[in-house]
Amino acid sequence: MSYKKKCHNDFSKEKIYIKDPLDLKLKLQRLIQDGPQNLQIVSDFDQTISSFSYNGLNSMATFSIFRMSELSPPTFRENMTALYNYYQPFEKDQSIKLEEKHRLMTEWYHKVSDEFKHAQFSLELSEKILNNSNIGIRYLFDKFFEECCKLELPFSIISGGLDMILQSILQSFHSINDYKQLTIKSNQMVYDENGIMDKLEMKVTATSKYQILAESNQKFRDNTLLLGDLPSDFYMTSLLNLKNQVSIGFISEDHIEFLNDHLKVFDITILGDGTFLIPLIILMKCNGEQLSEELLQLFAQEQYNELRDLF
């Protein structure tokens, strides 16, 4: 499957919240002192690497490009929309206990898997749906990803989305086959010998991410830069006993009622259709690189005053 658009957002103003400035300063000092050889990246994909909006419309999650595409069968679209409207509020609701939320997310994903199986998407149609979708990538993610590739950083993407979709999007920025340190854990689109999707293997939900890395055979470094858009993403590394972690959470203004849930867990919360400026600057400072004039000008803006003082 090939993604030909390579779409990313322009820079947009973002508001920055820091949970504990002194604690973050100490974390950043250690991360920079230890250098890139002791750093790894752990990230969600949908609405973390991908943006909240694109072309003035909501940017689609990987499942949503099928749910919302006019190329998808009408019955599939209707059923998927009904499932989304019922289950998605549970995913956002932080008052639901983990066990109950996990039950609901698993139930949702099983029903979604059945819908994909019945729709029998061809590989050709799937590619066409992807290339006709409105999915954008956050501004400066391409440079961040290139920097990670150059430094050969371990980069784990733990996503409740669709594997071939996110792989195709990443491939448009860099040859992921050449990035040996990239690990993608997601839900698998399985096509038969005739190029028809005969099943969707649901392996990752929003509430099971914390188990994925713990059950892997990966070796983990001392320092982690973690990125997500849901408070549950913060716990992707919770079973790893990491020595030092800087966590960044994205949240859209449409979901500002959940802002306090982000502020409780993430070291840095980015409100608005945020960019990868902060992750990129952290990465470059960790590698001892000089910031470009473009990055210096962007980072000199008022909303970054408190964060600048912590480096």
# chains A, B, ... in the order shown; residues from 1 in each chain; ligands from 1

$ closest_atom_pairs --of "segment 88-149 of chain A" --to "segment 260-284 of chain A" --cutoff "8 Å" --atoms "only C-alpha atoms" --output "Markdown table"
| residue | atom | partner | partner_atom | distance |
| --- | --- | --- | --- | --- |
| A:Gln94 | CA | A:Asp261 | CA | 7.3 |
| A:Arg138 | CA | A:Thr275 | CA | 5.3 |
| A:Tyr139 | CA | A:Thr275 | CA | 4.9 |
| A:Leu140 | CA | A:Phe276 | CA | 5.1 |
| A:Phe141 | CA | A:Phe276 | CA | 5.4 |
| A:Lys143 | CA | A:Leu280 | CA | 7.5 |
| A:Phe144 | CA | A:Leu280 | CA | 5.2 |
| A:Glu147 | CA | A:Leu283 | CA | 7.9 |

$ select_by_dssp --residues "segment 55-116 of chain A" --states "alpha helix (DSSP H)" --output "ChimeraX atom specification"
/A:64-67,74-92,98-116

$ closest_atom_pairs --of "segment 202-273 of chain A" --to "segment 153-162 of chain A" --cutoff "8 Å" --atoms "only C-alpha atoms" --output "CSV"
residue,atom,partner,partner_atom,distance
A:Lys203,CA,A:Gly160,CA,7.8
A:Val204,CA,A:Gly160,CA,4.9
A:Thr205,CA,A:Gly160,CA,4.9
A:Ala206,CA,A:Gly160,CA,6.1
A:Lys209,CA,A:Ile158,CA,6.6
A:Ile212,CA,A:Ile158,CA,7.6
A:Met236,CA,A:Ile158,CA,7.9

$ write_last_selection --atoms "all heavy atoms" --output "PDB file, in the first residue's frame"
ATOM      1  N   LYS A 203      -5.142  -6.194  18.080  1.00  0.00           N
ATOM      2  CA  LYS A 203      -4.093  -6.485  19.051  1.00  0.00           C
ATOM      3  C   LYS A 203      -3.870  -5.373  20.075  1.00  0.00           C
ATOM      4  O   LYS A 203      -3.286  -5.614  21.126  1.00  0.00           O
ATOM      5  CB  LYS A 203      -2.773  -6.762  18.324  1.00  0.00           C
ATOM      6  CG  LYS A 203      -2.815  -8.002  17.428  1.00  0.00           C
ATOM      7  CD  LYS A 203      -1.497  -8.193  16.706  1.00  0.00           C
ATOM      8  CE  LYS A 203      -1.500  -9.485  15.889  1.00  0.00           C
ATOM      9  NZ  LYS A 203      -1.499 -10.683  16.748  1.00  0.00           N
ATOM     10  N   VAL A 204      -4.323  -4.151  19.744  1.00  0.00           N
ATOM     11  CA  VAL A 204      -4.029  -3.008  20.612  1.00  0.00           C
ATOM     12  C   VAL A 204      -5.283  -2.157  20.788  1.00  0.00           C
ATOM     13  O   VAL A 204      -5.911  -1.755  19.807  1.00  0.00           O
ATOM     14  CB  VAL A 204      -2.914  -2.117  20.026  1.00  0.00           C
ATOM     15  CG1 VAL A 204      -2.565  -0.990  21.000  1.00  0.00           C
ATOM     16  CG2 VAL A 204      -1.677  -2.936  19.691  1.00  0.00           C
ATOM     17  N   THR A 205      -5.649  -1.878  22.033  1.00  0.00           N
ATOM     18  CA  THR A 205      -6.702  -0.915  22.336  1.00  0.00           C
ATOM     19  C   THR A 205      -6.103   0.190  23.199  1.00  0.00           C
ATOM     20  O   THR A 205      -4.963   0.085  23.677  1.00  0.00           O
ATOM     21  CB  THR A 205      -7.876  -1.556  23.098  1.00  0.00           C
ATOM     22  OG1 THR A 205      -7.436  -1.888  24.436  1.00  0.00           O
ATOM     23  CG2 THR A 205      -8.377  -2.820  22.405  1.00  0.00           C
ATOM     24  N   ALA A 206      -6.864   1.234  23.422  1.00  0.00           N
ATOM     25  CA  ALA A 206      -6.384   2.348  24.248  1.00  0.00           C
ATOM     26  C   ALA A 206      -6.043   1.890  25.660  1.00  0.00           C
ATOM     27  O   ALA A 206      -5.201   2.494  26.331  1.00  0.00           O
ATOM     28  CB  ALA A 206      -7.431   3.455  24.291  1.00  0.00           C
ATOM     29  N   LYS A 209      -2.436  -0.758  25.913  1.00  0.00           N
ATOM     30  CA  LYS A 209      -1.121  -0.320  25.461  1.00  0.00           C
ATOM     31  C   LYS A 209      -0.034  -0.546  26.510  1.00  0.00           C
ATOM     32  O   LYS A 209       1.120  -0.816  26.169  1.00  0.00           O
ATOM     33  CB  LYS A 209      -1.164   1.162  25.079  1.00  0.00           C
ATOM     34  CG  LYS A 209      -1.938   1.465  23.816  1.00  0.00           C
ATOM     35  CD  LYS A 209      -1.875   2.951  23.484  1.00  0.00           C
ATOM     36  CE  LYS A 209      -2.610   3.275  22.203  1.00  0.00           C
ATOM     37  NZ  LYS A 209      -2.498   4.707  21.859  1.00  0.00           N
ATOM     38  N   ILE A 212       1.871  -3.819  26.133  1.00  0.00           N
ATOM     39  CA  ILE A 212       2.558  -4.162  24.891  1.00  0.00           C
ATOM     40  C   ILE A 212       4.071  -4.183  25.060  1.00  0.00           C
ATOM     41  O   ILE A 212       4.741  -5.173  24.736  1.00  0.00           O
ATOM     42  CB  ILE A 212       2.164  -3.194  23.756  1.00  0.00           C
ATOM     43  CG1 ILE A 212       0.640  -3.168  23.566  1.00  0.00           C
ATOM     44  CG2 ILE A 212       2.890  -3.562  22.481  1.00  0.00           C
ATOM     45  CD1 ILE A 212       0.038  -4.480  23.150  1.00  0.00           C
ATOM     46  N   MET A 236       1.794   3.800  28.801  1.00  0.00           N
ATOM     47  CA  MET A 236       2.383   2.835  27.875  1.00  0.00           C
ATOM     48  C   MET A 236       3.688   2.246  28.410  1.00  0.00           C
ATOM     49  O   MET A 236       4.054   1.123  28.067  1.00  0.00           O
ATOM     50  CB  MET A 236       2.635   3.478  26.503  1.00  0.00           C
ATOM     51  CG  MET A 236       1.379   3.785  25.721  1.00  0.00           C
ATOM     52  SD  MET A 236       1.706   4.322  24.012  1.00  0.00           S
ATOM     53  CE  MET A 236       2.373   5.970  24.257  1.00  0.00           C
TER      54      MET A 236
END

$ residues_around --residues "Asp222 of chain A" --least-positions-apart "4" --cutoff "12 Å" --atoms "only C-alpha atoms" --output "number ranges by chain"
A: 27, 30-41, 154, 240-246

$ write_last_selection --atoms "N, CA, C and O atoms" --output "mmCIF file, in the first residue's frame"
data_model
loop_
_atom_site.group_PDB
_atom_site.id
_atom_site.type_symbol
_atom_site.label_atom_id
_atom_site.label_comp_id
_atom_site.auth_asym_id
_atom_site.auth_seq_id
_atom_site.Cartn_x
_atom_site.Cartn_y
_atom_site.Cartn_z
ATOM 1 N N LYS A 27 14.521 16.387 34.822
ATOM 2 C CA LYS A 27 14.393 15.329 33.816
ATOM 3 C C LYS A 27 15.110 15.716 32.519
ATOM 4 O O LYS A 27 15.798 14.877 31.909
ATOM 5 N N ARG A 30 18.938 15.538 32.877
ATOM 6 C CA ARG A 30 19.473 14.176 32.808
ATOM 7 C C ARG A 30 19.424 13.655 31.375
ATOM 8 O O ARG A 30 20.365 13.012 30.909
ATOM 9 N N LEU A 31 18.316 13.905 30.692
ATOM 10 C CA LEU A 31 18.163 13.435 29.320
ATOM 11 C C LEU A 31 19.265 14.022 28.434
ATOM 12 O O LEU A 31 19.880 13.301 27.627
ATOM 13 N N ILE A 32 19.530 15.320 28.580
ATOM 14 C CA ILE A 32 20.555 15.982 27.764
ATOM 15 C C ILE A 32 21.950 15.512 28.167
ATOM 16 O O ILE A 32 22.807 15.253 27.311
ATOM 17 N N GLN A 33 22.168 15.374 29.446
ATOM 18 C CA GLN A 33 23.479 14.930 29.931
ATOM 19 C C GLN A 33 23.820 13.517 29.447
ATOM 20 O O GLN A 33 24.956 13.241 29.063
ATOM 21 N N ASP A 34 22.837 12.630 29.415
ATOM 22 C CA ASP A 34 23.087 11.238 29.031
ATOM 23 C C ASP A 34 23.226 11.053 27.522
ATOM 24 O O ASP A 34 23.762 10.042 27.065
ATOM 25 N N GLY A 35 22.707 12.009 26.747
ATOM 26 C CA GLY A 35 22.881 11.963 25.307
ATOM 27 C C GLY A 35 21.952 11.000 24.589
ATOM 28 O O GLY A 35 21.242 10.201 25.215
ATOM 29 N N PRO A 36 21.955 11.036 23.251
ATOM 30 C CA PRO A 36 21.044 10.212 22.468
ATOM 31 C C PRO A 36 21.286 8.711 22.588
ATOM 32 O O PRO A 36 20.389 7.917 22.330
ATOM 33 N N GLN A 37 22.496 8.331 22.963
ATOM 34 C CA GLN A 37 22.797 6.900 23.093
ATOM 35 C C GLN A 37 22.026 6.249 24.243
ATOM 36 O O GLN A 37 21.955 5.026 24.332
ATOM 37 N N ASN A 38 21.424 7.081 25.102
ATOM 38 C CA ASN A 38 20.628 6.561 26.218
ATOM 39 C C ASN A 38 19.168 6.981 26.122
ATOM 40 O O ASN A 38 18.457 6.977 27.129
ATOM 41 N N LEU A 39 18.725 7.329 24.915
ATOM 42 C CA LEU A 39 17.363 7.828 24.722
ATOM 43 C C LEU A 39 16.566 6.901 23.812
ATOM 44 O O LEU A 39 17.096 6.313 22.870
ATOM 45 N N GLN A 40 15.268 6.787 24.106
ATOM 46 C CA GLN A 40 14.343 6.061 23.242
ATOM 47 C C GLN A 40 13.045 6.869 23.132
ATOM 48 O O GLN A 40 12.745 7.699 24.002
ATOM 49 N N ILE A 41 12.278 6.610 22.076
ATOM 50 C CA ILE A 41 11.017 7.290 21.841
ATOM 51 C C ILE A 41 9.889 6.269 21.938
ATOM 52 O O ILE A 41 9.983 5.172 21.384
ATOM 53 N N PRO A 154 15.897 3.973 19.244
ATOM 54 C CA PRO A 154 14.760 3.054 19.359
ATOM 55 C C PRO A 154 13.464 3.857 19.404
ATOM 56 O O PRO A 154 13.320 4.757 20.224
ATOM 57 N N LEU A 240 7.635 -0.689 32.938
ATOM 58 C CA LEU A 240 9.028 -0.861 32.505
ATOM 59 C C LEU A 240 10.058 -0.408 33.535
ATOM 60 O O LEU A 240 11.255 -0.631 33.347
ATOM 61 N N ASN A 241 9.630 0.253 34.608
ATOM 62 C CA ASN A 241 10.552 0.745 35.640
ATOM 63 C C ASN A 241 11.662 1.612 35.039
ATOM 64 O O ASN A 241 12.854 1.411 35.307
ATOM 65 N N LEU A 242 11.265 2.571 34.222
ATOM 66 C CA LEU A 242 12.228 3.446 33.570
ATOM 67 C C LEU A 242 12.834 4.429 34.561
ATOM 68 O O LEU A 242 12.175 4.885 35.491
ATOM 69 N N LYS A 243 14.089 4.792 34.331
ATOM 70 C CA LYS A 243 14.784 5.691 35.248
ATOM 71 C C LYS A 243 14.372 7.144 35.049
ATOM 72 O O LYS A 243 14.313 7.923 36.003
ATOM 73 N N ASN A 244 14.110 7.533 33.799
ATOM 74 C CA ASN A 244 13.824 8.945 33.530
ATOM 75 C C ASN A 244 12.936 9.044 32.296
ATOM 76 O O ASN A 244 13.242 8.450 31.258
ATOM 77 N N GLN A 245 11.840 9.789 32.408
ATOM 78 C CA GLN A 245 10.923 9.934 31.287
ATOM 79 C C GLN A 245 10.366 11.350 31.230
ATOM 80 O O GLN A 245 9.913 11.893 32.236
ATOM 81 N N VAL A 246 10.400 11.933 30.034
ATOM 82 C CA VAL A 246 9.731 13.200 29.758
ATOM 83 C C VAL A 246 8.514 12.880 28.903
ATOM 84 O O VAL A 246 8.636 12.294 27.826
#

$ residues_around --residues "Ser50 of chain A" --least-positions-apart "5" --cutoff "8 Å" --atoms "only C-alpha atoms" --output "ChimeraX atom specification"
/A:45,59,61,135-138

$ select_by_dssp --residues "segment 158-230 of chain A" --states "strand (DSSP E)" --output "PyMOL selection string"
chain A and resi 158-162+182-191+197-201+223-228

$ residues_around --residues "Thr207 of chain A" --least-positions-apart "6" --cutoff "10 Å" --atoms "only C-alpha atoms" --output "PyMOL selection string"
chain A and resi 91+98-106+160+232-233+235-236

$ atom_distance --atom1 "atom CA of Asn79 of chain A" --atom2 "atom CA of Lys111 of chain A"
9.5 Å

$ residues_around --residues "Ser122 of chain A" --least-positions-apart "3" --cutoff "9 Å" --atoms "only C-alpha atoms" --output "compact mmCIF listing (two decimals) with all heavy atoms, in the first residue's frame"
# COMPACT_ATOMS: atom_id res chain seq x y z
N LEU A 125 -8.76 -0.86 -3.14
CA LEU A 125 -9.71 0.11 -2.61
C LEU A 125 -9.18 0.73 -1.32
O LEU A 125 -9.34 1.93 -1.09
CB LEU A 125 -11.06 -0.56 -2.36
CG LEU A 125 -12.15 0.34 -1.76
CD1 LEU A 125 -12.41 1.55 -2.65
CD2 LEU A 125 -13.43 -0.45 -1.53
N SER A 126 -8.53 -0.06 -0.48
CA SER A 126 -7.97 0.46 0.77
C SER A 126 -6.96 1.56 0.49
O SER A 126 -6.94 2.61 1.16
CB SER A 126 -7.29 -0.67 1.56
OG SER A 126 -8.21 -1.68 1.89
N GLU A 127 -6.11 1.34 -0.51
CA GLU A 127 -5.12 2.35 -0.88
C GLU A 127 -5.80 3.61 -1.40
O GLU A 127 -5.39 4.73 -1.09
CB GLU A 127 -4.18 1.78 -1.93
CG GLU A 127 -3.07 2.74 -2.34
CD GLU A 127 -2.11 2.09 -3.32
OE1 GLU A 127 -2.48 1.97 -4.51
OE2 GLU A 127 -1.01 1.70 -2.90
N TYR A 191 -4.86 -9.46 4.39
CA TYR A 191 -5.46 -9.67 3.07
C TYR A 191 -5.15 -11.09 2.59
O TYR A 191 -4.06 -11.61 2.82
CB TYR A 191 -4.93 -8.65 2.07
CG TYR A 191 -5.33 -7.23 2.38
CD1 TYR A 191 -4.61 -6.46 3.29
CD2 TYR A 191 -6.44 -6.65 1.76
CE1 TYR A 191 -4.98 -5.16 3.58
CE2 TYR A 191 -6.82 -5.34 2.04
CZ TYR A 191 -6.08 -4.60 2.96
OH TYR A 191 -6.45 -3.31 3.25
N ASN A 194 -6.02 -13.10 -2.85
CA ASN A 194 -6.70 -12.32 -3.89
C ASN A 194 -6.73 -10.82 -3.58
O ASN A 194 -7.38 -10.05 -4.28
CB ASN A 194 -8.13 -12.84 -4.08
CG ASN A 194 -8.16 -14.27 -4.57
OD1 ASN A 194 -7.42 -14.63 -5.50
ND2 ASN A 194 -8.99 -15.10 -3.95
N GLY A 195 -6.04 -10.43 -2.51
CA GLY A 195 -5.99 -9.02 -2.14
C GLY A 195 -7.25 -8.51 -1.48
O GLY A 195 -7.54 -7.31 -1.54
N ILE A 196 -8.00 -9.41 -0.81
CA ILE A 196 -9.21 -9.02 -0.10
C ILE A 196 -8.96 -9.14 1.40
O ILE A 196 -8.45 -10.16 1.88
CB ILE A 196 -10.42 -9.92 -0.49
CG1 ILE A 196 -10.67 -9.85 -2.00
CG2 ILE A 196 -11.66 -9.49 0.29
CD1 ILE A 196 -11.02 -8.48 -2.52
N MET A 197 -9.33 -8.10 2.13
CA MET A 197 -9.14 -8.16 3.58
C MET A 197 -10.09 -9.19 4.16
O MET A 197 -11.30 -9.00 4.16
CB MET A 197 -9.40 -6.79 4.22
CG MET A 197 -8.94 -6.71 5.68
SD MET A 197 -9.52 -5.23 6.58
CE MET A 197 -8.86 -3.92 5.56

$ residues_around --residues "Leu123 of chain A" --least-positions-apart "5" --cutoff "12 Å" --atoms "only C-alpha atoms" --output "list in words"
Met1, Ser2, Lys128, Ile129, Leu130, Met164, Ile165, Met189, Val190, Tyr191, Asp192, Glu193, Asn194, Gly195, Ile196, Met197 and Asp198 of chain A

$ write_last_selection --atoms "N, CA, C and O atoms" --output "compact mmCIF listing (two decimals), in the first residue's frame"
# COMPACT_ATOMS: atom_id res chain seq x y z
N MET A 1 0.85 -1.19 0.00
CA MET A 1 0.00 0.00 0.00
C MET A 1 0.88 1.24 0.00
O MET A 1 1.84 1.32 0.77
N SER A 2 0.57 2.19 -0.87
CA SER A 2 1.39 3.38 -1.02
C SER A 2 0.58 4.63 -0.68
O SER A 2 -0.57 4.77 -1.11
N LYS A 128 -6.84 3.43 -2.18
CA LYS A 128 -7.57 4.58 -2.73
C LYS A 128 -8.24 5.37 -1.61
O LYS A 128 -8.23 6.61 -1.62
N ILE A 129 -8.81 4.66 -0.64
CA ILE A 129 -9.44 5.33 0.51
C ILE A 129 -8.41 6.13 1.29
O ILE A 129 -8.66 7.29 1.67
N LEU A 130 -7.24 5.55 1.51
CA LEU A 130 -6.18 6.26 2.22
C LEU A 130 -5.79 7.55 1.49
O LEU A 130 -5.69 8.61 2.10
N MET A 164 -1.18 -1.10 8.35
CA MET A 164 -0.76 -0.77 6.99
C MET A 164 -0.97 0.71 6.67
O MET A 164 -0.25 1.28 5.85
N ILE A 165 -1.95 1.32 7.32
CA ILE A 165 -2.20 2.75 7.09
C ILE A 165 -1.07 3.58 7.68
O ILE A 165 -0.47 4.42 7.00
N MET A 189 -4.11 -5.46 9.45
CA MET A 189 -5.00 -5.69 8.32
C MET A 189 -4.46 -6.89 7.54
O MET A 189 -3.33 -6.86 7.04
N VAL A 190 -5.25 -7.93 7.44
CA VAL A 190 -4.80 -9.17 6.79
C VAL A 190 -5.58 -9.39 5.50
O VAL A 190 -6.81 -9.48 5.52
N TYR A 191 -4.86 -9.46 4.39
CA TYR A 191 -5.46 -9.67 3.07
C TYR A 191 -5.15 -11.09 2.59
O TYR A 191 -4.06 -11.61 2.82
N ASP A 192 -6.11 -11.70 1.89
CA ASP A 192 -5.88 -13.04 1.36
C ASP A 192 -5.11 -12.97 0.04
O ASP A 192 -4.69 -11.89 -0.41
N GLU A 193 -4.92 -14.13 -0.58
CA GLU A 193 -4.11 -14.20 -1.80
C GLU A 193 -4.74 -13.42 -2.97
O GLU A 193 -4.06 -13.10 -3.95
N ASN A 194 -6.02 -13.10 -2.85
CA ASN A 194 -6.70 -12.32 -3.89
C ASN A 194 -6.73 -10.82 -3.58
O ASN A 194 -7.38 -10.05 -4.28
N GLY A 195 -6.04 -10.43 -2.51
CA GLY A 195 -5.99 -9.02 -2.14
C GLY A 195 -7.25 -8.51 -1.48
O GLY A 195 -7.54 -7.31 -1.54
N ILE A 196 -8.00 -9.41 -0.81
CA ILE A 196 -9.21 -9.02 -0.10
C ILE A 196 -8.96 -9.14 1.40
O ILE A 196 -8.45 -10.16 1.88
N MET A 197 -9.33 -8.10 2.13
CA MET A 197 -9.14 -8.16 3.58
C MET A 197 -10.09 -9.19 4.16
O MET A 197 -11.30 -9.00 4.16
N ASP A 198 -9.51 -10.28 4.68
CA ASP A 198 -10.37 -11.33 5.21
C ASP A 198 -10.46 -11.30 6.73
O ASP A 198 -11.30 -11.98 7.33

$ atom_distance --atom1 "atom CA of Gln167 of chain A" --atom2 "atom CA of Cys149 of chain A"
14.9 Å

$ atom_distance --atom1 "atom CA of Tyr179 of chain A" --atom2 "atom CA of Glu152 of chain A"
7.2 Å

$ closest_residue --among "A:Leu307, A:Ser43, A:Gln301, A:Ser95" --to "Phe145 of chain A" --atoms "only C-alpha atoms"
A:Ser43

$ closest_residue --among "A:Ala214, A:Val42, A:Leu57, A:Ala82" --to "Leu226 of chain A" --atoms "only C-alpha atoms"
A:Val42

$ decode --residues "segment 234-260 of chain A" --atoms "N, CA and C atoms" --output "PDB file, in the first residue's frame"
ATOM      1  N   PHE A 234      -0.069   7.810  28.619  1.00  0.00           N
ATOM      2  CA  PHE A 234       1.017   8.034  29.577  1.00  0.00           C
ATOM      3  C   PHE A 234       1.487   6.718  30.194  1.00  0.00           C
ATOM      4  N   TYR A 235       0.580   5.751  30.296  1.00  0.00           N
ATOM      5  CA  TYR A 235       0.900   4.498  30.977  1.00  0.00           C
ATOM      6  C   TYR A 235       1.480   3.433  30.049  1.00  0.00           C
ATOM      7  N   MET A 236       1.794   3.800  28.801  1.00  0.00           N
ATOM      8  CA  MET A 236       2.383   2.835  27.875  1.00  0.00           C
ATOM      9  C   MET A 236       3.688   2.246  28.410  1.00  0.00           C
ATOM     10  N   THR A 237       4.388   3.004  29.248  1.00  0.00           N
ATOM     11  CA  THR A 237       5.675   2.555  29.781  1.00  0.00           C
ATOM     12  C   THR A 237       5.603   2.236  31.281  1.00  0.00           C
ATOM     13  N   SER A 238       4.408   2.163  31.831  1.00  0.00           N
ATOM     14  CA  SER A 238       4.259   2.100  33.293  1.00  0.00           C
ATOM     15  C   SER A 238       4.826   0.831  33.917  1.00  0.00           C
ATOM     16  N   LEU A 239       4.964  -0.236  33.160  1.00  0.00           N
ATOM     17  CA  LEU A 239       5.470  -1.499  33.710  1.00  0.00           C
ATOM     18  C   LEU A 239       6.957  -1.707  33.449  1.00  0.00           C
ATOM     19  N   LEU A 240       7.635  -0.689  32.938  1.00  0.00           N
ATOM     20  CA  LEU A 240       9.028  -0.861  32.505  1.00  0.00           C
ATOM     21  C   LEU A 240      10.058  -0.408  33.535  1.00  0.00           C
ATOM     22  N   ASN A 241       9.630   0.253  34.608  1.00  0.00           N
ATOM     23  CA  ASN A 241      10.552   0.745  35.640  1.00  0.00           C
ATOM     24  C   ASN A 241      11.662   1.612  35.039  1.00  0.00           C
ATOM     25  N   LEU A 242      11.265   2.571  34.222  1.00  0.00           N
ATOM     26  CA  LEU A 242      12.228   3.446  33.570  1.00  0.00           C
ATOM     27  C   LEU A 242      12.834   4.429  34.561  1.00  0.00           C
ATOM     28  N   LYS A 243      14.089   4.792  34.331  1.00  0.00           N
ATOM     29  CA  LYS A 243      14.784   5.691  35.248  1.00  0.00           C
ATOM     30  C   LYS A 243      14.372   7.144  35.049  1.00  0.00           C
ATOM     31  N   ASN A 244      14.110   7.533  33.799  1.00  0.00           N
ATOM     32  CA  ASN A 244      13.824   8.945  33.530  1.00  0.00           C
ATOM     33  C   ASN A 244      12.936   9.044  32.296  1.00  0.00           C
ATOM     34  N   GLN A 245      11.840   9.789  32.408  1.00  0.00           N
ATOM     35  CA  GLN A 245      10.923   9.934  31.287  1.00  0.00           C
ATOM     36  C   GLN A 245      10.366  11.350  31.230  1.00  0.00           C
ATOM     37  N   VAL A 246      10.400  11.933  30.034  1.00  0.00           N
ATOM     38  CA  VAL A 246       9.731  13.200  29.758  1.00  0.00           C
ATOM     39  C   VAL A 246       8.514  12.880  28.903  1.00  0.00           C
ATOM     40  N   SER A 247       7.338  13.242  29.398  1.00  0.00           N
ATOM     41  CA  SER A 247       6.092  12.891  28.700  1.00  0.00           C
ATOM     42  C   SER A 247       5.417  14.154  28.165  1.00  0.00           C
ATOM     43  N   ILE A 248       4.906  14.043  26.938  1.00  0.00           N
ATOM     44  CA  ILE A 248       4.236  15.158  26.261  1.00  0.00           C
ATOM     45  C   ILE A 248       2.868  14.691  25.792  1.00  0.00           C
ATOM     46  N   GLY A 249       1.823  15.415  26.170  1.00  0.00           N
ATOM     47  CA  GLY A 249       0.469  15.066  25.782  1.00  0.00           C
ATOM     48  C   GLY A 249      -0.162  16.162  24.933  1.00  0.00           C
ATOM     49  N   PHE A 250      -0.784  15.762  23.829  1.00  0.00           N
ATOM     50  CA  PHE A 250      -1.510  16.690  22.964  1.00  0.00           C
ATOM     51  C   PHE A 250      -2.995  16.645  23.294  1.00  0.00           C
ATOM     52  N   ILE A 251      -3.632  17.809  23.299  1.00  0.00           N
ATOM     53  CA  ILE A 251      -5.079  17.849  23.507  1.00  0.00           C
ATOM     54  C   ILE A 251      -5.665  18.981  22.659  1.00  0.00           C
ATOM     55  N   SER A 252      -6.780  18.705  22.016  1.00  0.00           N
ATOM     56  CA  SER A 252      -7.405  19.713  21.160  1.00  0.00           C
ATOM     57  C   SER A 252      -8.312  20.628  21.986  1.00  0.00           C
ATOM     58  N   GLU A 253      -8.563  21.804  21.455  1.00  0.00           N
ATOM     59  CA  GLU A 253      -9.445  22.745  22.135  1.00  0.00           C
ATOM     60  C   GLU A 253     -10.874  22.213  22.183  1.00  0.00           C
ATOM     61  N   ASP A 254     -11.222  21.311  21.290  1.00  0.00           N
ATOM     62  CA  ASP A 254     -12.549  20.695  21.301  1.00  0.00           C
ATOM     63  C   ASP A 254     -12.756  19.813  22.525  1.00  0.00           C
ATOM     64  N   HIS A 255     -11.659  19.382  23.143  1.00  0.00           N
ATOM     65  CA  HIS A 255     -11.750  18.493  24.309  1.00  0.00           C
ATOM     66  C   HIS A 255     -11.145  19.146  25.550  1.00  0.00           C
ATOM     67  N   ILE A 256     -11.262  20.464  25.635  1.00  0.00           N
ATOM     68  CA  ILE A 256     -10.641  21.190  26.732  1.00  0.00           C
ATOM     69  C   ILE A 256     -11.219  20.772  28.091  1.00  0.00           C
ATOM     70  N   GLU A 257     -12.410  20.190  28.088  1.00  0.00           N
ATOM     71  CA  GLU A 257     -12.986  19.736  29.360  1.00  0.00           C
ATOM     72  C   GLU A 257     -12.176  18.612  29.985  1.00  0.00           C
ATOM     73  N   PHE A 258     -11.295  17.979  29.172  1.00  0.00           N
ATOM     74  CA  PHE A 258     -10.444  16.900  29.681  1.00  0.00           C
ATOM     75  C   PHE A 258      -9.027  17.391  29.983  1.00  0.00           C
ATOM     76  N   LEU A 259      -8.824  18.710  29.953  1.00  0.00           N
ATOM     77  CA  LEU A 259      -7.483  19.259  30.142  1.00  0.00           C
ATOM     78  C   LEU A 259      -6.883  18.850  31.487  1.00  0.00           C
ATOM     79  N   ASN A 260      -7.654  18.908  32.546  1.00  0.00           N
ATOM     80  CA  ASN A 260      -7.128  18.570  33.869  1.00  0.00           C
ATOM     81  C   ASN A 260      -6.639  17.132  33.947  1.00  0.00           C
TER      82      ASN A 260
END
